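J.: Sharing a structure below in structure tokens format, with a few things to ask.
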Amino acid sequence: MPTPNLTQIQYTQLDTTTWCVTAQVSESVSHLVTESLWSKSLWFSSCNTSYENIIKFNSLNWYYQVATAPRHSVPTLARKQRQQQRQGVRQLLQELLKKLAIDDTLDESSFPYRLVNSQHYVCFSHTGAGSSKQITESNQTSFTHLHSKIAVVISRQRPAGIDIETNNIAWHVVKRFYSESELTILQELSTDQRERTAKLLWQIKESFIKVNQYTLAQGLGMDYSHLIPSLIENDKEINSVSVLNDSEDTDYQSVYSIAVLQFQQTVIVF
């Protein structure tokens, strides 16, 4: 598989023990075989044809059709997407390690992931892949560009969770998983504010799932309604980095801080 192309790389230091990086990862996938793939000379060289017959062939008017390769199926593109994301986040981790001058490797034998030598904690996140098409008229080749947003966090002190998300969370999904307290507050908000806040809550839930190794249903069902006022208050500046404290309870998760990176559409629990 080709090396993914990382663009829009952005580094953020959250405190003296925690760093994160976000980027876009993309890859081009060809759909069509170009006309240059077949040539008369190549065809002749593969045949047991005399020179005299070749001259006769060349005197004819040639009509041929560009061969079309089968388009990538949905399962094939999904598999390419997963491979791209898996390779992309690990490549992005190497960029962050290089930035921090850390010479280390990732131990993927158990969760949460850690670096082998320093024992720093590592967490990944990525969005679903999008796709776009590009037609190059000169060679009549069509390409699909797979692209995802990816994110990595390194924490020296304790497990950290990260979630990058570009799409809003469907309201029927919110109603299925969110607590009654969260739904009550969300329903009182304007549509735009409700969508933004519901998305941030989802990212917080996803990040705590990674920190505490909750099951999906358990983590999405946690009640973070006490954070909604702070999320609304800090939802004003797209380039801001807001840090909230989950301090309502006295259990383990309450000692964590929550960073909202508006521009990167990323939430980190650290």
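Going by the structure tokens order, chains are called A, B, ..., each with residues numbered from 1, while ligands are numbered from 1 in the order shown.
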Can you pull out the residues contacting A:Arg194? Cut-off 12 Å, using only C-alpha atoms, and skip same-chain residues under 2 positions away; I want them as a PDB file with N, CA and C atoms, in the first residue's frame.

T.:
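Saved result, part_2.pdb, follows:
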```
ATOM      1  N   ASN A 168     -21.904  15.942  12.158  1.00  0.00           N
ATOM      2  CA  ASN A 168     -22.814  16.020  13.284  1.00  0.00           C
ATOM      3  C   ASN A 168     -23.371  14.635  13.614  1.00  0.00           C
ATOM      4  N   ILE A 169     -23.852  14.493  14.832  1.00  0.00           N
ATOM      5  CA  ILE A 169     -24.443  13.230  15.263  1.00  0.00           C
ATOM      6  C   ILE A 169     -25.952  13.287  15.014  1.00  0.00           C
ATOM      7  N   ALA A 170     -26.467  12.315  14.300  1.00  0.00           N
ATOM      8  CA  ALA A 170     -27.893  12.310  13.968  1.00  0.00           C
ATOM      9  C   ALA A 170     -28.733  12.352  15.244  1.00  0.00           C
ATOM     10  N   TRP A 171     -29.823  13.109  15.203  1.00  0.00           N
ATOM     11  CA  TRP A 171     -30.652  13.297  16.392  1.00  0.00           C
ATOM     12  C   TRP A 171     -31.234  11.983  16.887  1.00  0.00           C
ATOM     13  N   VAL A 174     -28.631  10.461  18.990  1.00  0.00           N
ATOM     14  CA  VAL A 174     -28.552  11.181  20.266  1.00  0.00           C
ATOM     15  C   VAL A 174     -29.649  10.703  21.211  1.00  0.00           C
ATOM     16  N   GLU A 182     -29.195  15.061  29.662  1.00  0.00           N
ATOM     17  CA  GLU A 182     -28.569  15.664  28.484  1.00  0.00           C
ATOM     18  C   GLU A 182     -29.622  16.037  27.445  1.00  0.00           C
ATOM     19  N   LEU A 183     -30.582  15.146  27.201  1.00  0.00           N
ATOM     20  CA  LEU A 183     -31.615  15.399  26.197  1.00  0.00           C
ATOM     21  C   LEU A 183     -32.491  16.585  26.581  1.00  0.00           C
ATOM     22  N   THR A 184     -32.794  16.690  27.855  1.00  0.00           N
ATOM     23  CA  THR A 184     -33.639  17.795  28.322  1.00  0.00           C
ATOM     24  C   THR A 184     -32.998  19.144  28.007  1.00  0.00           C
ATOM     25  N   ILE A 185     -31.686  19.254  28.269  1.00  0.00           N
ATOM     26  CA  ILE A 185     -30.990  20.516  28.011  1.00  0.00           C
ATOM     27  C   ILE A 185     -30.830  20.748  26.510  1.00  0.00           C
ATOM     28  N   LEU A 186     -30.468  19.715  25.775  1.00  0.00           N
ATOM     29  CA  LEU A 186     -30.248  19.856  24.338  1.00  0.00           C
ATOM     30  C   LEU A 186     -31.511  20.295  23.601  1.00  0.00           C
ATOM     31  N   GLN A 187     -32.649  19.800  24.021  1.00  0.00           N
ATOM     32  CA  GLN A 187     -33.904  20.133  23.346  1.00  0.00           C
ATOM     33  C   GLN A 187     -34.290  21.593  23.514  1.00  0.00           C
ATOM     34  N   GLU A 188     -33.704  22.257  24.496  1.00  0.00           N
ATOM     35  CA  GLU A 188     -34.004  23.668  24.728  1.00  0.00           C
ATOM     36  C   GLU A 188     -33.119  24.602  23.897  1.00  0.00           C
ATOM     37  N   LEU A 189     -32.142  24.054  23.214  1.00  0.00           N
ATOM     38  CA  LEU A 189     -31.203  24.873  22.444  1.00  0.00           C
ATOM     39  C   LEU A 189     -31.703  25.082  21.018  1.00  0.00           C
ATOM     40  N   SER A 190     -31.147  26.096  20.357  1.00  0.00           N
ATOM     41  CA  SER A 190     -31.437  26.285  18.936  1.00  0.00           C
ATOM     42  C   SER A 190     -30.878  25.097  18.163  1.00  0.00           C
ATOM     43  N   THR A 191     -31.326  24.904  16.935  1.00  0.00           N
ATOM     44  CA  THR A 191     -30.902  23.745  16.151  1.00  0.00           C
ATOM     45  C   THR A 191     -29.390  23.703  15.960  1.00  0.00           C
ATOM     46  N   ASP A 192     -28.790  24.830  15.578  1.00  0.00           N
ATOM     47  CA  ASP A 192     -27.347  24.871  15.349  1.00  0.00           C
ATOM     48  C   ASP A 192     -26.570  24.588  16.631  1.00  0.00           C
ATOM     49  N   ARG A 196     -24.079  21.327  17.510  1.00  0.00           N
ATOM     50  CA  ARG A 196     -22.684  21.496  17.923  1.00  0.00           C
ATOM     51  C   ARG A 196     -22.438  20.891  19.299  1.00  0.00           C
ATOM     52  N   THR A 197     -23.349  21.118  20.220  1.00  0.00           N
ATOM     53  CA  THR A 197     -23.173  20.621  21.585  1.00  0.00           C
ATOM     54  C   THR A 197     -23.311  19.109  21.635  1.00  0.00           C
ATOM     55  N   ALA A 198     -24.265  18.556  20.902  1.00  0.00           N
ATOM     56  CA  ALA A 198     -24.443  17.100  20.862  1.00  0.00           C
ATOM     57  C   ALA A 198     -23.204  16.416  20.297  1.00  0.00           C
ATOM     58  N   LYS A 199     -22.600  17.051  19.295  1.00  0.00           N
ATOM     59  CA  LYS A 199     -21.381  16.500  18.706  1.00  0.00           C
ATOM     60  C   LYS A 199     -20.232  16.528  19.719  1.00  0.00           C
ATOM     61  N   LEU A 200     -20.069  17.631  20.443  1.00  0.00           N
ATOM     62  CA  LEU A 200     -19.002  17.713  21.442  1.00  0.00           C
ATOM     63  C   LEU A 200     -19.219  16.696  22.561  1.00  0.00           C
ATOM     64  N   LEU A 201     -20.459  16.519  22.974  1.00  0.00           N
ATOM     65  CA  LEU A 201     -20.751  15.512  24.002  1.00  0.00           C
ATOM     66  C   LEU A 201     -20.375  14.117  23.508  1.00  0.00           C
ATOM     67  N   ILE A 228     -22.506  20.759  29.742  1.00  0.00           N
ATOM     68  CA  ILE A 228     -23.147  21.475  28.638  1.00  0.00           C
ATOM     69  C   ILE A 228     -23.034  22.998  28.777  1.00  0.00           C
ATOM     70  N   PRO A 229     -23.289  23.584  29.943  1.00  0.00           N
ATOM     71  CA  PRO A 229     -23.133  25.051  30.045  1.00  0.00           C
ATOM     72  C   PRO A 229     -21.739  25.535  29.650  1.00  0.00           C
ATOM     73  N   LEU A 231     -19.633  23.969  27.633  1.00  0.00           N
ATOM     74  CA  LEU A 231     -19.467  23.748  26.192  1.00  0.00           C
ATOM     75  C   LEU A 231     -20.112  24.882  25.402  1.00  0.00           C
ATOM     76  N   ILE A 232     -21.281  25.313  25.846  1.00  0.00           N
ATOM     77  CA  ILE A 232     -21.975  26.411  25.174  1.00  0.00           C
ATOM     78  C   ILE A 232     -21.204  27.720  25.333  1.00  0.00           C
ATOM     79  N   ASP A 235     -18.168  27.833  23.073  1.00  0.00           N
ATOM     80  CA  ASP A 235     -18.429  27.607  21.654  1.00  0.00           C
ATOM     81  C   ASP A 235     -18.602  28.948  20.933  1.00  0.00           C
TER      82      ASP A 235
END
```

J.: Using DSSP on the backbone coordinates, identify the residues of stretch 191-252 of chain A assigned to strand (DSSP E); present them as a VMD selection string.

T.: chain A and resid 241 to 245

J.: For the interface of stretch 122-234 of chain A with stretch 106-109 of chain A (cut-off 12 Å, counting only C-alpha atoms), please tabulate each contacting residue of stretch 122-234 of chain A alongside its nearest pair of atoms and their separation in Å to one decimal, rows sorted by chain and increasing number, as a Markdown table.

T.:
```
| residue | atom | partner | partner_atom | distance |
| --- | --- | --- | --- | --- |
| A:Val122 | CA | A:Leu106 | CA | 8.2 |
| A:Cys123 | CA | A:Leu106 | CA | 10.6 |
| A:Phe124 | CA | A:Glu108 | CA | 11.7 |
| A:Ile154 | CA | A:Leu106 | CA | 11.1 |
```

J.: Between A:Tyr121, A:Tyr11, A:Tyr178, A:Tyr113, which one has atoms that come closest to A:Lys98, using only C-alpha atoms?

T.: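 Among A:Tyr121, A:Tyr11, A:Tyr178, A:Tyr113, it is A:Tyr11 that comes nearest to A:Lys98.
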
J.: Write down as a ChimeraX atom specification the residues belonging to stretch 144-250 of chain A that are assigned helix (DSSP H, G or I) by DSSP computed on the backbone.

T.: /A:171-177,180-186,191-212,216-220,225-233

J.: Restricting the calculation to only C-alpha atoms: of A:Ala151, A:Val25, A:Ile164, A:Ile204, which residue gets closest to A:Gln265?

T.: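 The closest residue to A:Gln265 is A:Ile164.
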
J.: When you draw a straight line from atom CA of A:Lys149 to atom CA of A:Thr127, how long is it in Å?

T.: 5.3 Å

J.: Name the closest residue to A:Arg176 among the candidates A:Leu220, A:Val116, A:Ile162, A:Ile209; distances are taken between atoms, counting only C-alpha atoms.

T.: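 So, comparing all the options, the nearest one is A:Leu220.
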